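Visitor: Pasting a structure below so you can have a look.
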Amino acid sequence: MTRVFSGVKPTGHLTLGNYLGAMRQWAAVDQHRAEALFCVVDLHALTVDHDPARVRRLSRQAATLLLAAGLDPRLCTVFVQSHVDEHARLSYLLECVATDGEMRRMIQYKEKAAREQRRGGSVRLSLLTYPVLMAADILAYGADEVPVGDDQAQHVELTRDLAVRFNQRYGHAFVVPRATHPTVAARVMNLQEPLAKMGKSDDTGPGIVYLLDEPDVVRKKVMRAVTDSGREVVYDRESRPGVANLLEILAACTGGNPEALAGAYESYGALKADTAEAVVEVLRPVQERHKELCADPGHVEGVLRDGAERARGMARPTVDAAYRAIGLLPASSDTEARVLNAAG
């Protein structure tokens, strides 16, 4: 059976982009067709300055929203990255296979490092190496597929390169995964900056729709979305990025086609109004289920505990095999240790 792995990083509140670009696909399709693992990748949240209490709070919220979005622990494995030691264990082995040049060519590192340099600061070493940890997240489970947005495709390519290189040097240890992408709204853009991704943020910017935004807040943000010069509603990502973003969001919410939807509108106002209502309706069941889960925190804790145990059982044989393959001496079990001591 195909195995799928993906995750969310608790560095901010989850957004409409996270839901339309990934989470809804995980719940509606991936958990039903494959052996699927979905992870709150909290170790990745430590690569930047952070408030420890906020990371814990956002990690719990992210896990709760994954369940609210429709992930069913009877069908898939939902867990927190730091609860499974194999992620960190394998990450170091892969650092011994990766190169400095590969890390420094990663687009996200280059952008963030340049931004910090302009401010007179520097980034943490973990930001440079976190793509290797991401590779470990995937390879530890023998995942065949990694559902990602366009901005993460480079990381999956690195994962493939590291798996192939390790297998060639030390013997076959890893499945070489491939990235998969949703066909519509793979990358939802910021409503105020339609050339920038609708990413998680520390603020409540008007261009970002959060999954837990109240309906009136959602409507206000969508109605204030930046559009383009001209009055004609046309789907053209290059020359009309603002309108194209609205059409893609509407299409993702309603199951339509962006180009076909464009022909149904004569004004930006009507497009915005329909998009706003479509977003409100898509988020409504997620918000209702989230409220129910928050009233029963023990259920979420139990799901994460059971998920971590299941994930650990999947990952440990692969990681142990990689340790042996690369040349590390296996640790003796208690029984084996007693026998060796007696023999000595």
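Just so we're on the same page: first chain in the structure tokens is A, next is B, and so on; residues restart at 1 for each chain, and ligands are numbered from 1 in the order they show up.
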Would you return as a PyMOL selection string the members of region 129-276 of chain A that DSSP assigns to strand (DSSP E or B) on this structure's backbone?

Guide: chain A and resi 145-147+178-180+189+197+210

Visitor: Looking only at alpha helix (DSSP H) from DSSP on the backbone, list the matching residues of region 156-214 of chain A as number ranges by chain.

Guide: A: 156-170

Visitor: Just write the chosen residues, all heavy atoms, as a short mmCIF file (atom, residue, chain, number, x, y, z; two decimals), in the first residue's frame.

Guide:
```
data_model
loop_
_atom_site.label_atom_id
_atom_site.label_comp_id
_atom_site.auth_asym_id
_atom_site.auth_seq_id
_atom_site.Cartn_x
_atom_site.Cartn_y
_atom_site.Cartn_z
N VAL A 156 11.58 18.34 -1.25
CA VAL A 156 11.36 16.94 -1.59
C VAL A 156 12.44 16.47 -2.57
O VAL A 156 12.90 15.32 -2.49
CB VAL A 156 9.96 16.73 -2.18
CG1 VAL A 156 9.74 15.26 -2.54
CG2 VAL A 156 8.89 17.17 -1.17
N GLU A 157 12.86 17.33 -3.48
CA GLU A 157 13.96 16.96 -4.39
C GLU A 157 15.23 16.69 -3.62
O GLU A 157 15.97 15.74 -3.94
CB GLU A 157 14.18 18.07 -5.42
CG GLU A 157 13.12 18.11 -6.52
CD GLU A 157 13.00 16.77 -7.24
OE1 GLU A 157 14.04 16.22 -7.67
OE2 GLU A 157 11.87 16.26 -7.35
N LEU A 158 15.52 17.50 -2.60
CA LEU A 158 16.69 17.23 -1.76
C LEU A 158 16.54 15.88 -1.06
O LEU A 158 17.51 15.11 -0.98
CB LEU A 158 16.86 18.35 -0.72
CG LEU A 158 17.97 18.09 0.31
CD1 LEU A 158 19.35 18.18 -0.35
CD2 LEU A 158 17.87 19.07 1.48
N THR A 159 15.36 15.61 -0.55
CA THR A 159 15.11 14.32 0.11
C THR A 159 15.40 13.16 -0.83
O THR A 159 16.04 12.17 -0.44
CB THR A 159 13.65 14.26 0.60
OG1 THR A 159 13.41 15.33 1.51
CG2 THR A 159 13.37 12.93 1.28
N ARG A 160 14.95 13.28 -2.06
CA ARG A 160 15.21 12.25 -3.05
C ARG A 160 16.72 12.08 -3.28
O ARG A 160 17.24 10.96 -3.34
CB ARG A 160 14.52 12.60 -4.37
CG ARG A 160 12.99 12.51 -4.32
CD ARG A 160 12.36 13.06 -5.59
NE ARG A 160 12.88 12.43 -6.79
CZ ARG A 160 12.42 11.29 -7.29
NH1 ARG A 160 11.44 10.65 -6.68
NH2 ARG A 160 12.93 10.77 -8.39
N ASP A 161 17.41 13.20 -3.42
CA ASP A 161 18.86 13.15 -3.65
C ASP A 161 19.58 12.47 -2.50
O ASP A 161 20.50 11.64 -2.72
CB ASP A 161 19.42 14.56 -3.84
CG ASP A 161 18.96 15.21 -5.14
OD1 ASP A 161 18.50 14.48 -6.04
OD2 ASP A 161 19.05 16.46 -5.25
N LEU A 162 19.21 12.81 -1.28
CA LEU A 162 19.87 12.21 -0.11
C LEU A 162 19.58 10.72 0.00
O LEU A 162 20.46 9.93 0.35
CB LEU A 162 19.43 12.93 1.17
CG LEU A 162 19.84 14.40 1.29
CD1 LEU A 162 19.34 14.99 2.60
CD2 LEU A 162 21.35 14.57 1.19
N ALA A 163 18.34 10.33 -0.32
CA ALA A 163 18.00 8.91 -0.27
C ALA A 163 18.80 8.11 -1.29
O ALA A 163 19.35 7.05 -0.98
CB ALA A 163 16.49 8.74 -0.52
N VAL A 164 18.88 8.62 -2.50
CA VAL A 164 19.63 7.94 -3.56
C VAL A 164 21.11 7.85 -3.19
O VAL A 164 21.75 6.79 -3.33
CB VAL A 164 19.45 8.66 -4.90
CG1 VAL A 164 20.43 8.12 -5.94
CG2 VAL A 164 18.02 8.52 -5.40
N ARG A 165 21.66 8.95 -2.69
CA ARG A 165 23.09 8.98 -2.34
C ARG A 165 23.39 8.00 -1.22
O ARG A 165 24.40 7.26 -1.27
CB ARG A 165 23.48 10.40 -1.93
CG ARG A 165 24.99 10.62 -1.80
CD ARG A 165 25.27 12.08 -1.45
NE ARG A 165 24.63 12.96 -2.44
CZ ARG A 165 24.28 14.22 -2.20
NH1 ARG A 165 24.48 14.74 -1.00
NH2 ARG A 165 23.73 14.94 -3.14
N PHE A 166 22.55 7.97 -0.19
CA PHE A 166 22.76 7.05 0.93
C PHE A 166 22.67 5.61 0.43
O PHE A 166 23.53 4.77 0.77
CB PHE A 166 21.71 7.30 2.01
CG PHE A 166 21.98 6.56 3.30
CD1 PHE A 166 22.52 7.24 4.38
CD2 PHE A 166 21.71 5.20 3.44
CE1 PHE A 166 22.78 6.57 5.58
CE2 PHE A 166 21.96 4.53 4.62
CZ PHE A 166 22.50 5.22 5.70
N ASN A 167 21.65 5.32 -0.36
CA ASN A 167 21.47 3.96 -0.87
C ASN A 167 22.66 3.50 -1.70
O ASN A 167 23.09 2.33 -1.63
CB ASN A 167 20.20 3.87 -1.70
CG ASN A 167 18.93 3.99 -0.86
OD1 ASN A 167 18.97 3.87 0.36
ND2 ASN A 167 17.81 4.23 -1.52
N GLN A 168 23.21 4.40 -2.50
CA GLN A 168 24.34 4.04 -3.36
C GLN A 168 25.62 3.82 -2.55
O GLN A 168 26.41 2.94 -2.86
CB GLN A 168 24.56 5.13 -4.40
CG GLN A 168 23.47 5.20 -5.47
CD GLN A 168 23.66 6.36 -6.43
OE1 GLN A 168 24.38 7.32 -6.14
NE2 GLN A 168 23.00 6.29 -7.58
N ARG A 169 25.82 4.62 -1.52
CA ARG A 169 27.06 4.53 -0.75
C ARG A 169 27.04 3.40 0.27
O ARG A 169 28.06 2.74 0.51
CB ARG A 169 27.31 5.85 -0.01
CG ARG A 169 27.70 7.01 -0.92
CD ARG A 169 27.96 8.26 -0.08
NE ARG A 169 28.32 9.40 -0.92
CZ ARG A 169 28.54 10.63 -0.46
NH1 ARG A 169 28.43 10.86 0.84
NH2 ARG A 169 28.87 11.61 -1.29
N TYR A 170 25.90 3.18 0.91
CA TYR A 170 25.88 2.30 2.07
C TYR A 170 24.93 1.11 1.95
O TYR A 170 24.83 0.31 2.87
CB TYR A 170 25.50 3.11 3.32
CG TYR A 170 26.40 4.31 3.52
CD1 TYR A 170 25.90 5.61 3.38
CD2 TYR A 170 27.75 4.15 3.81
CE1 TYR A 170 26.72 6.72 3.56
CE2 TYR A 170 28.58 5.25 3.99
CZ TYR A 170 28.06 6.53 3.85
OH TYR A 170 28.88 7.62 4.01
#
```

Visitor: If you count only C-alpha atoms, which residues fall within 7 Å of region 268-284 of chain A, apart from same-chain ones fewer than 4 positions away, as an NGL selection string?

Guide: :A and (211 or 215 or 218-219 or 222-223 or 233 or 246 or 250 or 253-254 or 288)

Visitor: Can you pull out every residue within 10 Å of region 127-129 of chain A, counting only C-alpha atoms, but drop anything in the same chain fewer than 2 positions away, and send it as a PyMOL selection string?

Guide: chain A and resi 44-48+91-92+94-95+98-100+102-106+108-110+112-113+123-125+131-134

Visitor: Those selected residues, please, written with N, CA, C and O atoms and delivered as a compact mmCIF listing (two decimals), in the first residue's frame.

Guide:
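Now in selection31.txt:
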```
# COMPACT_ATOMS: atom_id res chain seq x y z
N HIS A 44 10.84 21.92 13.77
CA HIS A 44 11.12 22.93 12.75
C HIS A 44 10.78 24.33 13.25
O HIS A 44 11.32 25.32 12.72
N ALA A 45 9.91 24.44 14.23
CA ALA A 45 9.55 25.75 14.76
C ALA A 45 10.68 26.37 15.58
O ALA A 45 10.63 27.56 15.91
N LEU A 46 11.69 25.58 15.92
CA LEU A 46 12.80 26.08 16.74
C LEU A 46 13.91 26.71 15.91
O LEU A 46 14.90 27.18 16.47
N THR A 47 13.76 26.74 14.60
CA THR A 47 14.82 27.28 13.73
C THR A 47 14.83 28.80 13.71
O THR A 47 15.74 29.41 13.14
N VAL A 48 13.83 29.43 14.30
CA VAL A 48 13.74 30.89 14.37
C VAL A 48 13.47 31.29 15.82
O VAL A 48 13.14 30.46 16.66
N SER A 91 18.17 12.46 11.30
CA SER A 91 18.61 13.74 10.75
C SER A 91 20.13 13.85 10.78
O SER A 91 20.74 14.32 9.81
N TYR A 92 20.77 13.41 11.86
CA TYR A 92 22.23 13.53 11.91
C TYR A 92 22.89 12.64 10.87
O TYR A 92 23.87 13.06 10.22
N LEU A 94 21.77 11.90 7.98
CA LEU A 94 21.61 12.54 6.68
C LEU A 94 22.46 13.80 6.56
O LEU A 94 22.89 14.17 5.46
N GLU A 95 22.74 14.47 7.68
CA GLU A 95 23.69 15.59 7.64
C GLU A 95 25.08 15.10 7.21
O GLU A 95 25.85 15.85 6.61
N ALA A 98 24.59 14.89 3.33
CA ALA A 98 24.34 16.15 2.63
C ALA A 98 25.60 17.00 2.57
O ALA A 98 26.57 16.76 3.30
N THR A 99 25.60 18.00 1.70
CA THR A 99 26.75 18.91 1.57
C THR A 99 26.35 20.33 1.95
O THR A 99 25.17 20.71 1.88
N ASP A 100 27.35 21.09 2.33
CA ASP A 100 27.14 22.49 2.69
C ASP A 100 26.54 23.26 1.51
O ASP A 100 25.64 24.08 1.68
N GLU A 102 24.62 22.18 -0.90
CA GLU A 102 23.20 21.87 -1.07
C GLU A 102 22.34 22.68 -0.12
O GLU A 102 21.28 23.20 -0.48
N MET A 103 22.79 22.79 1.12
CA MET A 103 22.00 23.51 2.11
C MET A 103 21.92 24.99 1.76
O MET A 103 20.85 25.61 1.86
N ARG A 104 23.01 25.56 1.34
CA ARG A 104 23.04 27.00 1.07
C ARG A 104 22.32 27.37 -0.22
O ARG A 104 22.02 28.55 -0.43
N ARG A 105 22.02 26.38 -1.05
CA ARG A 105 21.26 26.67 -2.28
C ARG A 105 19.75 26.63 -2.06
O ARG A 105 18.99 27.01 -2.96
N MET A 106 19.33 26.19 -0.90
CA MET A 106 17.89 26.11 -0.65
C MET A 106 17.29 27.50 -0.63
O MET A 106 17.79 28.41 0.05
N GLN A 108 14.54 28.97 0.56
CA GLN A 108 14.06 29.58 1.79
C GLN A 108 15.21 30.04 2.68
O GLN A 108 15.15 31.10 3.30
N TYR A 109 16.29 29.24 2.74
CA TYR A 109 17.45 29.65 3.53
C TYR A 109 18.07 30.91 2.94
O TYR A 109 18.39 31.86 3.67
N LYS A 110 18.25 30.94 1.63
CA LYS A 110 18.87 32.09 0.99
C LYS A 110 18.07 33.36 1.25
O LYS A 110 18.62 34.42 1.55
N LYS A 112 15.83 34.01 3.73
CA LYS A 112 15.81 34.41 5.13
C LYS A 112 17.18 34.88 5.60
O LYS A 112 17.28 35.84 6.38
N ALA A 113 18.23 34.23 5.13
CA ALA A 113 19.57 34.65 5.52
C ALA A 113 19.89 36.03 4.98
O ALA A 113 20.48 36.87 5.68
N VAL A 123 21.18 34.12 11.00
CA VAL A 123 20.18 33.08 11.25
C VAL A 123 20.80 31.95 12.06
O VAL A 123 22.02 31.82 12.15
N ARG A 124 19.95 31.13 12.62
CA ARG A 124 20.43 29.98 13.39
C ARG A 124 20.94 28.89 12.46
O ARG A 124 20.46 28.73 11.34
N LEU A 125 21.90 28.13 12.95
CA LEU A 125 22.44 27.01 12.17
C LEU A 125 21.33 26.03 11.81
O LEU A 125 21.34 25.45 10.72
N PRO A 131 16.31 21.49 6.19
CA PRO A 131 15.85 20.62 5.10
C PRO A 131 16.30 19.17 5.28
O PRO A 131 15.63 18.26 4.78
N VAL A 132 17.41 18.96 5.98
CA VAL A 132 17.85 17.59 6.25
C VAL A 132 16.92 16.93 7.27
O VAL A 132 16.58 15.76 7.14
N LEU A 133 16.51 17.70 8.27
CA LEU A 133 15.53 17.17 9.22
C LEU A 133 14.23 16.86 8.51
O LEU A 133 13.58 15.85 8.78
N MET A 134 13.85 17.70 7.55
CA MET A 134 12.63 17.44 6.78
C MET A 134 12.79 16.15 5.98
O MET A 134 11.85 15.35 5.88
```

Visitor: Smallest atom-to-atom distance to Cys294 (chain A): which of A:Arg316, A:Ala322, A:Ala68, A:Gly327, using only C-alpha atoms?

Guide: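 Among the listed residues, the smallest separation from Cys294 (chain A) belongs to A:Ala68.
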
Visitor: I'd like to know which of A:Arg3, A:Arg289, A:Arg119, A:Arg56 is closest to Ile138 (chain A), using only C-alpha atoms.

Guide: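 Checking each of A:Arg3, A:Arg289, A:Arg119, A:Arg56 against Ile138 (chain A), counting only C-alpha atoms, the winner is A:Arg3.
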
Visitor: Just checking: using only C-alpha atoms, which residue out of A:Ala252, A:Leu93, A:Ala308, A:Leu58 ends up closest to Tyr323 (chain A)?

Guide: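 Selected residue with least distance to Tyr323 (chain A): A:Leu93.
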
Visitor: Which residue is closest to Thr180 (chain A)? Choose from A:Gly120, A:Ala153, A:Val80, A:Met198 and count only C-alpha atoms.

Guide: A:Ala153

Visitor: For a test of reading the model, state the distance in Å between CA of Val175 (chain A) and CA of Ala34 (chain A), rounded to one decimal.

Guide: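 Taking CA of Val175 (chain A) and CA of Ala34 (chain A), their separation equals 15.4 Å.
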